[in-house]
>>> print(open('upload.txt').read())   # compact mmCIF, N, CA and C atoms
# COMPACT_ATOMS: atom_id res chain seq x y z
N MET W 300 26.68 -163.56 -132.28
CA MET W 300 25.94 -162.71 -133.20
C MET W 300 26.23 -163.16 -134.63
N ALA W 301 25.24 -163.05 -135.46
CA ALA W 301 25.38 -163.43 -136.86
C ALA W 301 26.30 -162.45 -137.58
N GLU W 302 27.01 -162.96 -138.54
CA GLU W 302 27.90 -162.11 -139.35
C GLU W 302 27.08 -161.42 -140.44
N PRO W 303 27.44 -160.19 -140.80
CA PRO W 303 26.74 -159.51 -141.89
C PRO W 303 26.93 -160.26 -143.21
N LEU W 304 25.93 -160.18 -144.05
CA LEU W 304 26.04 -160.78 -145.38
C LEU W 304 27.14 -160.08 -146.16
N PRO W 305 27.77 -160.78 -147.09
CA PRO W 305 28.75 -160.09 -147.94
C PRO W 305 28.07 -158.95 -148.71
N PRO W 306 28.80 -157.86 -148.92
CA PRO W 306 28.17 -156.70 -149.59
C PRO W 306 27.53 -157.02 -150.93
N ASP W 307 28.17 -157.87 -151.73
CA ASP W 307 27.58 -158.18 -153.04
C ASP W 307 26.29 -158.98 -152.92
N HIS W 308 26.25 -159.89 -151.95
CA HIS W 308 25.03 -160.67 -151.73
C HIS W 308 23.90 -159.77 -151.24
N PHE W 309 24.22 -158.87 -150.31
CA PHE W 309 23.22 -157.95 -149.80
C PHE W 309 22.73 -157.02 -150.91
N ALA W 310 23.63 -156.57 -151.77
CA ALA W 310 23.25 -155.71 -152.90
C ALA W 310 22.30 -156.45 -153.83
N THR W 311 22.54 -157.73 -154.03
CA THR W 311 21.65 -158.54 -154.88
C THR W 311 20.26 -158.62 -154.26
N LEU W 312 20.20 -158.87 -152.95
CA LEU W 312 18.90 -158.94 -152.27
C LEU W 312 18.17 -157.60 -152.35
N MET W 313 18.91 -156.51 -152.18
CA MET W 313 18.29 -155.19 -152.28
C MET W 313 17.74 -154.95 -153.69
N ALA W 314 18.50 -155.35 -154.70
CA ALA W 314 18.06 -155.16 -156.09
C ALA W 314 16.82 -156.01 -156.37
N GLN W 315 16.80 -157.24 -155.87
CA GLN W 315 15.64 -158.11 -156.08
C GLN W 315 14.39 -157.54 -155.41
N ALA W 316 14.58 -156.86 -154.29
CA ALA W 316 13.45 -156.24 -153.59
C ALA W 316 13.07 -154.89 -154.19
N GLY W 317 13.90 -154.38 -155.09
CA GLY W 317 13.62 -153.09 -155.72
C GLY W 317 13.91 -151.91 -154.81
N ILE W 318 14.84 -152.09 -153.87
CA ILE W 318 15.18 -151.04 -152.92
C ILE W 318 16.47 -150.35 -153.36
N THR W 319 16.43 -149.04 -153.47
CA THR W 319 17.63 -148.27 -153.79
C THR W 319 17.87 -147.28 -152.66
N LEU W 320 19.06 -147.34 -152.09
CA LEU W 320 19.44 -146.47 -150.99
C LEU W 320 20.85 -145.97 -151.22
N PRO W 321 21.23 -144.87 -150.58
CA PRO W 321 22.62 -144.42 -150.63
C PRO W 321 23.53 -145.48 -150.01
N ALA W 322 24.78 -145.50 -150.42
CA ALA W 322 25.73 -146.53 -149.97
C ALA W 322 25.86 -146.58 -148.45
N GLU W 323 25.86 -145.42 -147.79
CA GLU W 323 26.00 -145.39 -146.33
C GLU W 323 24.82 -146.09 -145.66
N GLU W 324 23.62 -145.85 -146.17
CA GLU W 324 22.42 -146.47 -145.59
C GLU W 324 22.40 -147.96 -145.85
N VAL W 325 22.89 -148.38 -147.02
CA VAL W 325 22.95 -149.80 -147.33
C VAL W 325 23.88 -150.51 -146.35
N GLU W 326 25.01 -149.89 -146.06
CA GLU W 326 25.96 -150.49 -145.13
C GLU W 326 25.37 -150.57 -143.72
N ASP W 327 24.67 -149.53 -143.30
CA ASP W 327 24.00 -149.57 -141.99
C ASP W 327 22.94 -150.66 -141.96
N LEU W 328 22.18 -150.77 -143.01
CA LEU W 328 21.12 -151.78 -143.09
C LEU W 328 21.71 -153.19 -143.11
N ARG W 329 22.83 -153.36 -143.77
CA ARG W 329 23.48 -154.67 -143.83
C ARG W 329 23.91 -155.12 -142.43
N HIS W 330 24.45 -154.20 -141.64
CA HIS W 330 24.85 -154.54 -140.28
C HIS W 330 23.63 -154.71 -139.36
N ALA W 331 22.60 -153.92 -139.58
CA ALA W 331 21.37 -154.07 -138.80
C ALA W 331 20.73 -155.43 -139.09
N HIS W 332 20.81 -155.87 -140.33
CA HIS W 332 20.27 -157.17 -140.72
C HIS W 332 20.96 -158.28 -139.94
N ALA W 333 22.27 -158.19 -139.77
CA ALA W 333 23.02 -159.20 -139.01
C ALA W 333 22.58 -159.20 -137.55
N LYS W 334 22.36 -158.03 -136.98
CA LYS W 334 21.90 -157.96 -135.58
C LYS W 334 20.50 -158.53 -135.44
N LEU W 335 19.64 -158.27 -136.42
CA LEU W 335 18.29 -158.81 -136.40
C LEU W 335 18.33 -160.34 -136.47
N LEU W 336 19.20 -160.89 -137.29
CA LEU W 336 19.32 -162.35 -137.37
C LEU W 336 19.75 -162.93 -136.02
N GLY W 337 20.65 -162.24 -135.34
CA GLY W 337 21.07 -162.68 -134.01
C GLY W 337 19.92 -162.68 -133.02
N MET W 338 19.08 -161.64 -133.07
CA MET W 338 17.93 -161.58 -132.17
C MET W 338 16.92 -162.68 -132.50
N LEU W 339 16.75 -162.97 -133.79
CA LEU W 339 15.82 -164.03 -134.19
C LEU W 339 16.29 -165.39 -133.69
N GLU W 340 17.61 -165.61 -133.67
CA GLU W 340 18.13 -166.87 -133.14
C GLU W 340 17.75 -167.04 -131.68
N VAL W 341 17.81 -165.96 -130.92
CA VAL W 341 17.44 -166.01 -129.50
C VAL W 341 15.95 -166.30 -129.36
N LEU W 342 15.13 -165.66 -130.18
CA LEU W 342 13.69 -165.87 -130.10
C LEU W 342 13.29 -167.28 -130.51
N ARG W 343 14.01 -167.88 -131.43
CA ARG W 343 13.66 -169.22 -131.91
C ARG W 343 14.15 -170.33 -130.98
N ALA W 344 15.00 -169.98 -130.04
CA ALA W 344 15.49 -170.99 -129.09
C ALA W 344 14.34 -171.43 -128.20
N PRO W 345 14.31 -172.70 -127.83
CA PRO W 345 13.23 -173.17 -126.97
C PRO W 345 13.23 -172.42 -125.63
N ALA W 346 12.06 -172.14 -125.14
CA ALA W 346 11.93 -171.45 -123.86
C ALA W 346 12.26 -172.42 -122.73
N PRO W 347 12.81 -171.91 -121.63
CA PRO W 347 13.07 -172.79 -120.50
C PRO W 347 11.76 -173.29 -119.91
N THR W 348 11.81 -174.43 -119.26
CA THR W 348 10.59 -174.96 -118.65
C THR W 348 10.19 -174.07 -117.47
N LEU W 349 8.95 -174.14 -117.10
CA LEU W 349 8.48 -173.33 -115.98
C LEU W 349 9.17 -173.74 -114.68
N ALA W 350 9.57 -175.01 -114.58
CA ALA W 350 10.25 -175.46 -113.38
C ALA W 350 11.61 -174.78 -113.22
N ALA W 351 12.19 -174.32 -114.31
CA ALA W 351 13.49 -173.65 -114.25
C ALA W 351 13.37 -172.19 -113.81
N GLU W 352 12.17 -171.65 -113.83
CA GLU W 352 11.95 -170.27 -113.45
C GLU W 352 11.68 -170.17 -111.96
N PRO W 353 12.12 -169.10 -111.32
CA PRO W 353 11.82 -168.95 -109.90
C PRO W 353 10.34 -168.66 -109.69
N ALA W 354 9.82 -169.13 -108.60
CA ALA W 354 8.42 -168.88 -108.28
C ALA W 354 8.26 -167.42 -107.85
N PHE W 355 7.18 -166.83 -108.22
CA PHE W 355 6.90 -165.46 -107.82
C PHE W 355 5.98 -165.50 -106.61
N THR W 356 6.55 -165.69 -105.45
CA THR W 356 5.79 -165.73 -104.22
C THR W 356 6.36 -164.71 -103.25
N PHE W 357 5.54 -164.32 -102.33
CA PHE W 357 5.97 -163.37 -101.33
C PHE W 357 5.47 -163.86 -99.99
N ARG W 358 6.35 -163.95 -99.04
CA ARG W 358 5.99 -164.44 -97.72
C ARG W 358 6.51 -163.46 -96.67
N VAL W 359 5.63 -163.08 -95.78
CA VAL W 359 6.02 -162.18 -94.69
C VAL W 359 6.35 -163.06 -93.49
N ASP W 360 7.56 -162.92 -92.97
CA ASP W 360 8.00 -163.74 -91.85
C ASP W 360 7.80 -163.06 -90.50
N PHE W 361 7.16 -161.91 -90.45
CA PHE W 361 6.96 -161.22 -89.18
C PHE W 361 5.51 -160.72 -89.14
N ALA W 362 5.03 -160.53 -87.96
CA ALA W 362 3.65 -160.03 -87.78
C ALA W 362 3.66 -158.51 -87.83
N ALA W 363 2.66 -157.95 -88.45
CA ALA W 363 2.53 -156.51 -88.50
C ALA W 363 2.06 -155.99 -87.14
N PRO W 364 2.47 -154.79 -86.75
CA PRO W 364 2.01 -154.23 -85.49
C PRO W 364 0.49 -154.07 -85.50
N PRO W 365 -0.18 -154.24 -84.37
CA PRO W 365 -1.64 -154.14 -84.33
C PRO W 365 -2.19 -152.82 -84.85
N ALA W 366 -1.48 -151.72 -84.62
CA ALA W 366 -1.96 -150.41 -85.09
C ALA W 366 -2.05 -150.38 -86.61
N ALA W 367 -1.13 -151.03 -87.28
CA ALA W 367 -1.16 -151.04 -88.75
C ALA W 367 -2.32 -151.88 -89.25
N MET W 368 -2.73 -152.87 -88.50
CA MET W 368 -3.82 -153.74 -88.92
C MET W 368 -5.18 -153.04 -88.83
N GLU W 369 -5.32 -152.08 -87.92
CA GLU W 369 -6.59 -151.40 -87.69
C GLU W 369 -6.88 -150.33 -88.74
N LYS W 370 -5.87 -149.78 -89.38
CA LYS W 370 -6.08 -148.68 -90.32
C LYS W 370 -6.55 -149.15 -91.63
>>> encode(input="upload.txt", output="structure tokens")
Amino acid sequence: MAEPLPPDHFATLMAQAGITLPAEEVEDLRHAHAKLLGMLEVLRAPAPTLAAEPAFTFRVDFAAPPAAMEK
């Protein structure tokens, strides 16, 4: 997971964006920002090839009883 930005750096970014929040909310947002960066890293990673994924197939290895086939 990404580390949170230093408080002074985050405060500078907030000031540049013109956002003013109470200190508690700023701290929550700073940590949420770090979690968001971690999620973005996962999304930016190349997707596995289709060959690496299991096939979605279904095979019945037994015959259904004749009564079930008639209904």
>>> atom_distance(input="upload.txt", atom1="atom C of Glu302 of chain W", atom2="atom C of Ala333 of chain W")
5.8 Å
>>> atom_distance(input="upload.txt", atom1="atom CA of His332 of chain W", atom2="atom N of Thr348 of chain W")
28.8 Å
>>> select_by_dssp(input="upload.txt", residues="segment 301-361 of chain W", states="helix (DSSP H, G or I)", output="PyMOL selection string")
chain W and resi 306-316+322-343+349-351
>>> closest_residue(input="upload.txt", among="W:Phe361, W:Glu352, W:Pro345, W:Gly337", to="Ala301 of chain W", atoms="only N, CA and C atoms")
W:Gly337
>>> atom_distance(input="upload.txt", atom1="atom N of Val325 of chain W", atom2="atom CA of Arg343 of chain W")
27.3 Å
>>> closest_residue(input="upload.txt", among="W:Pro306, W:Met338, W:Ala351, W:Thr311", to="Glu326 of chain W", atoms="all atoms listed in the file")
W:Pro306
